[in-house]
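Peer 1: Questions regarding the structure given below will be posed in turn.
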Amino acid sequence: MDEEAAKHTQEEHCTDYMNVTHETTCWGCGLRILLSSTSSIFKCGWCGAITNRNQSQRKPDSKWFHRWRCLRDRFFVVVVILFMLIVICAGVWAVYPTVFSISYFCGVFHCSITAILSIITFSSFFLAAFRHAGRSANVEWGRYPIVGQGGLENYTFCLYCRKPKCPRTHHCRSCRTCVFDMDHHCPFIGNCVGAANHRSFIAFLVSIIISCTYVAIMTTYAAYHIWPPLEISMRYNHQHAVTVLKMVVTALARSVLLLPLRGFVLIYLAFASLSVEIGIFVLLWQQLCLIYEGNTYINSLSFENNIDVGRGCHNLLCFFGCPYLAYRILLGSANAIKFQQRLSSKLL
């Protein structure tokens with residue numbers, strides 16, 4: 001009797017569990033799906049579209065929130081442009097009288113270097129700031145005859161754009177659009193960093209580092225030539241090191257008071273360029289490490305939409321669009337062919 005009661009209870013439990021399943025519609029192809037009510041994330045067996053019910057709980061952003069972000073981005077973009085113009089103009093005004101005093105050829109040479117670095121820095125900045133970061137591919141969706149089997153494999157639905165979102169695509173709430181291969185939203189360029197402008201962003205960081213290094217060297221050289229002579233009185237041949245250091249610091253403080261306006265500008269440019277260079281170098285190192293790992297910053301946080309291509313120098317070569325000959329030289333012939341086949345199979 002106990003065994004029969006247990007079987008009867010088990011059958012009722014199974015019947016109740018089957019009754020829990022309900023019918024829903026796939027957003028990708030429109031076909032009906034039977035699933036458990038406890039499933040918050042499910043995938044269509046026909047088109048491969050992924051539905052996440054938790055996304056429906058997100059509240060849309062207000063207009064004030066979007067306007068505040070737009071104003072913030074525009075403010076930072078204006079600050080960056082003004083800072084670059086101030087560094088260029090103030091550097092030319094403060095440094096090049098000293099450079100031209102050495103020789104005319106030396107002055108023209110350094111003017112050419114300044115012009116080249118300025119053009120590269122501004123062009124890479126404008127390409128990264130005013131170019132769309134990466135548009136998501138437009139695909140047919142919504143009806144079964146149009147969407148074929150596997151036509152929306154691993155696609156998700158963006159509640160903000162109200163359209164499908166392909167893998168490795170994220171929605172930016174500041175730009176109010178979906179960005180393919182999005183790395184992050186950078187307020188200093190007022191734009192996202194994605195598949196279309198990631199190289200320009202890296203080129204901008206590299207050009208900033210090179211330019212800041214050049215500015216720091218030239219301002220230090222010019223400041224050394226216009227700095228007033230230090231007046232240090234050495235009364236005794238053998239003095240304590242602390243005493244000598246105090247005398248040098250005191251002499252430097254007195255000489256600073258005798259500096260012309262051009263000297264103070266040189267000091268500011270030297271410290272500002274070194275500070276910016278350190279910060280940009282840290283950001284560039286982080287970006288190159290993520291590219292080496294075949295990942296992006298936002299994917300490294302969420303661990304979603306990743307394509308495992310393995311870490312290695314081949315990711316850097318692929319990112320910078322190096323020719324196949326570079327793959328063969330650095331990776332070898334066999335490894336280059338394997339990587340190309342693996343990458344093409346992953347992207348299909």
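Following the order of the structure tokens, first chain is A, next is B, and so on, with residues numbered from 1 inside each chain and ligands from 1 in the order they appear.
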Residues of stretch 8-230 of chain A classed as strand (DSSP E or B) by DSSP on the backbone are to be reported as a PyMOL selection string.
Peer 2: chain A and resi 22-25+32-35+41-43+50-52+156-158+163-165+169-172+177-180+184-186+191-193
Peer 1: Within 10 Å of A:Gly107, counting only C-alpha atoms, which residues qualify if same-chain residues fewer than 6 places away don't, as a short mmCIF file (atom, residue, chain, number, x, y, z; two decimals) with N, CA, C and O atoms, in the first residue's frame?
Peer 2:
data_model
loop_
_atom_site.label_atom_id
_atom_site.label_comp_id
_atom_site.auth_asym_id
_atom_site.auth_seq_id
_atom_site.Cartn_x
_atom_site.Cartn_y
_atom_site.Cartn_z
N VAL A 95 59.11 77.31 -26.60
CA VAL A 95 60.27 76.47 -26.88
C VAL A 95 61.06 76.97 -28.08
O VAL A 95 62.30 77.01 -28.05
N TYR A 96 60.39 77.39 -29.14
CA TYR A 96 61.09 77.56 -30.40
C TYR A 96 61.99 78.77 -30.49
O TYR A 96 62.88 78.79 -31.35
N PRO A 97 61.85 79.81 -29.67
CA PRO A 97 62.93 80.81 -29.64
C PRO A 97 64.28 80.22 -29.23
O PRO A 97 65.32 80.59 -29.80
N THR A 98 64.25 79.30 -28.29
CA THR A 98 65.49 78.63 -27.89
C THR A 98 66.01 77.73 -28.99
O THR A 98 67.22 77.64 -29.25
N VAL A 99 65.10 77.03 -29.67
CA VAL A 99 65.51 76.09 -30.72
C VAL A 99 66.09 76.84 -31.92
O VAL A 99 67.13 76.46 -32.48
N PHE A 100 65.43 77.95 -32.31
CA PHE A 100 65.95 78.71 -33.46
C PHE A 100 67.24 79.44 -33.12
O PHE A 100 68.00 79.80 -34.03
N SER A 101 67.50 79.66 -31.82
CA SER A 101 68.77 80.29 -31.45
C SER A 101 69.95 79.36 -31.68
O SER A 101 71.09 79.83 -31.81
#
Peer 1: Using only C-alpha atoms, which of the listed residues (A:Arg67, A:Arg143, A:His110, A:Arg32) sits closest to A:Gly45?
Peer 2: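 Closest candidate: A:Arg32.
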Peer 1: Let me make sure I understand: among A:Asp73, A:Asp61, A:Glu140, A:Glu23, which one has the smallest atom-to-atom distance to A:Leu35 if we use only C-alpha atoms?
Peer 2: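 Among the listed residues, the smallest separation from A:Leu35 belongs to A:Glu23.
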Peer 1: Find the nearest atom pair between each residue of stretch 195-308 of chain A and stretch 124-134 of chain A for residues within 10 Å, count only C-alpha atoms, give distances in Å to one decimal, sort rows by chain and ascending number, and present the table as CSV.
Peer 2:
residue,atom,partner,partner_atom,distance
A:Ala195,CA,A:Gly134,CA,5.2
A:Ala196,CA,A:Gly134,CA,4.8
A:Asn197,CA,A:Ala128,CA,5.2
A:His198,CA,A:Ala128,CA,7.3
A:Arg199,CA,A:Ala128,CA,8.2
A:Ser200,CA,A:Ala128,CA,5.2
A:Phe201,CA,A:Ala128,CA,5.3
A:Ile202,CA,A:Ser124,CA,8.6
A:Ala203,CA,A:Ser124,CA,6.2
A:Phe204,CA,A:Ser124,CA,5.0
A:Leu205,CA,A:Ser124,CA,8.8
A:Val206,CA,A:Ser124,CA,9.8
A:Ser207,CA,A:Ser124,CA,8.2
A:Ile208,CA,A:Phe125,CA,9.7
Peer 1: Would you pick out the contacts of A:Lys43 at 10 Å or less, using only C-alpha atoms, so that residues sharing its chain but fewer than 5 positions from it are not included, and give the list as an MDAnalysis selection string?
Peer 2: chainID A and resid 26 33 48:52 153:156
Peer 1: Keeping all heavy atoms for every residue in the selection just given, could you write it to a file as a compact mmCIF listing (two decimals), in the first residue's frame?
Peer 2:
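This is the output file result.txt:
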# COMPACT_ATOMS: atom_id res chain seq x y z
N CYS A 26 8.49 33.02 -29.97
CA CYS A 26 9.87 33.49 -30.19
C CYS A 26 9.83 34.83 -30.91
O CYS A 26 9.13 35.00 -31.91
CB CYS A 26 10.65 32.46 -31.00
SG CYS A 26 12.32 32.99 -31.48
N ILE A 33 6.82 28.29 -28.68
CA ILE A 33 7.77 27.49 -27.92
C ILE A 33 7.11 27.06 -26.63
O ILE A 33 6.43 27.85 -25.97
CB ILE A 33 9.06 28.30 -27.61
CG1 ILE A 33 9.69 28.83 -28.90
CG2 ILE A 33 10.07 27.45 -26.86
CD1 ILE A 33 10.87 29.75 -28.65
N GLY A 48 17.45 30.02 -33.42
CA GLY A 48 18.59 30.19 -32.54
C GLY A 48 18.60 31.49 -31.76
O GLY A 48 19.59 31.81 -31.11
N ALA A 49 17.50 32.26 -31.80
CA ALA A 49 17.43 33.52 -31.06
C ALA A 49 17.31 33.26 -29.57
O ALA A 49 16.64 32.31 -29.14
CB ALA A 49 16.25 34.35 -31.55
N ILE A 50 17.95 34.10 -28.77
CA ILE A 50 17.95 33.97 -27.32
C ILE A 50 17.02 35.03 -26.73
O ILE A 50 17.09 36.20 -27.10
CB ILE A 50 19.38 34.14 -26.75
CG1 ILE A 50 20.29 33.04 -27.31
CG2 ILE A 50 19.36 34.09 -25.23
CD1 ILE A 50 21.74 33.20 -26.88
N THR A 51 16.15 34.58 -25.83
CA THR A 51 15.23 35.48 -25.15
C THR A 51 15.59 35.55 -23.68
O THR A 51 15.75 34.52 -23.03
CB THR A 51 13.78 34.99 -25.30
OG1 THR A 51 13.44 34.91 -26.70
CG2 THR A 51 12.81 35.96 -24.62
N ASN A 52 15.73 36.76 -23.19
CA ASN A 52 16.05 37.00 -21.78
C ASN A 52 14.90 37.77 -21.16
O ASN A 52 14.68 38.95 -21.45
CB ASN A 52 17.36 37.78 -21.64
CG ASN A 52 17.80 37.90 -20.20
OD1 ASN A 52 17.14 37.42 -19.28
ND2 ASN A 52 18.95 38.54 -19.99
N GLU A 153 21.15 32.87 -34.99
CA GLU A 153 21.89 32.09 -34.01
C GLU A 153 22.58 33.01 -32.99
O GLU A 153 23.38 33.87 -33.37
CB GLU A 153 22.92 31.21 -34.70
CG GLU A 153 23.63 30.23 -33.80
CD GLU A 153 22.70 29.15 -33.27
OE1 GLU A 153 21.71 28.82 -33.95
OE2 GLU A 153 22.98 28.63 -32.17
N ASN A 154 22.21 32.81 -31.71
CA ASN A 154 22.77 33.56 -30.57
C ASN A 154 22.47 35.06 -30.64
O ASN A 154 23.14 35.86 -29.97
CB ASN A 154 24.29 33.35 -30.47
CG ASN A 154 24.65 31.93 -30.09
OD1 ASN A 154 23.90 31.26 -29.38
ND2 ASN A 154 25.77 31.44 -30.59
N TYR A 155 21.47 35.45 -31.42
CA TYR A 155 21.03 36.84 -31.42
C TYR A 155 20.17 37.10 -30.18
O TYR A 155 19.46 36.23 -29.71
CB TYR A 155 20.20 37.15 -32.67
CG TYR A 155 21.00 37.60 -33.86
CD1 TYR A 155 21.89 36.73 -34.50
CD2 TYR A 155 20.88 38.88 -34.37
CE1 TYR A 155 22.62 37.13 -35.59
CE2 TYR A 155 21.61 39.29 -35.48
CZ TYR A 155 22.47 38.42 -36.08
OH TYR A 155 23.20 38.83 -37.17
N THR A 156 20.25 38.31 -29.66
CA THR A 156 19.38 38.75 -28.58
C THR A 156 18.58 39.96 -29.05
O THR A 156 18.90 40.56 -30.10
CB THR A 156 20.18 39.11 -27.32
OG1 THR A 156 21.18 40.09 -27.65
CG2 THR A 156 20.87 37.87 -26.74
Peer 1: Quick one, how far is atom CA of A:Ser275 from atom CA of A:Val256?
Peer 2: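 The value is 21.2 Å.
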Peer 1: From the list A:Ile41, A:Thr296, A:Cys161, A:Leu266, which residue is nearest A:Met218 when using only C-alpha atoms?
Peer 2: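 When distances to A:Met218 are compared using only C-alpha atoms, the smallest one comes from A:Leu266.
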Peer 1: Name the residues in contact with A:Ile116 at a cut-off of 12 Å, using only C-alpha atoms, excluding same-chain residues fewer than 4 positions from it; report them as a count of residues only.
Peer 2: 12
Peer 1: Please determine, counting only C-alpha atoms, which residue among A:Val92, A:Cys29, A:Leu258, A:Ile298 has the shortest atom-to-atom distance to A:His170.
Peer 2: A:Ile298
Peer 1: Among stretch 51-235 of chain A, which ones does DSSP assign to alpha helix (DSSP H) (computed from the backbone)? Answer as a ChimeraX atom specification.
Peer 2: /A:63-102,104-129,198-226
Peer 1: Which of these residues is nearest to A:Arg173, using only C-alpha atoms: A:Phe157, A:Trp68, A:Trp27, A:Phe42?
Peer 2: A:Trp68
Peer 1: I'd like the contact shell of A:Leu85 - 12 Å cut-off, only C-alpha atoms, skipping same-chain residues fewer than 5 positions apart - returned as a ChimeraX atom specification.
Peer 2: /A:78-80,90-92,118-119,121-122
Peer 1: So, counting only C-alpha atoms, which residue among A:Leu252, A:Cys44, A:Val242, A:Met182 is closest to A:Gly150?
Peer 2: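 Among the listed residues, A:Cys44 lies closest to A:Gly150.
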Peer 1: Calculate how many Å separate atom CA of A:Cys172 from atom CA of A:Thr25, rounding to one decimal.
Peer 2: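 Taking atom CA of A:Cys172 as the start and atom CA of A:Thr25 as the end point, the length is 27.2 Å.
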Peer 1: Would you mind reading off the distance between atom CA of A:Leu290 and atom CA of A:Arg311, one decimal, in Å?
Peer 2: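 Taking atom CA of A:Leu290 and atom CA of A:Arg311, their separation equals 9.1 Å.
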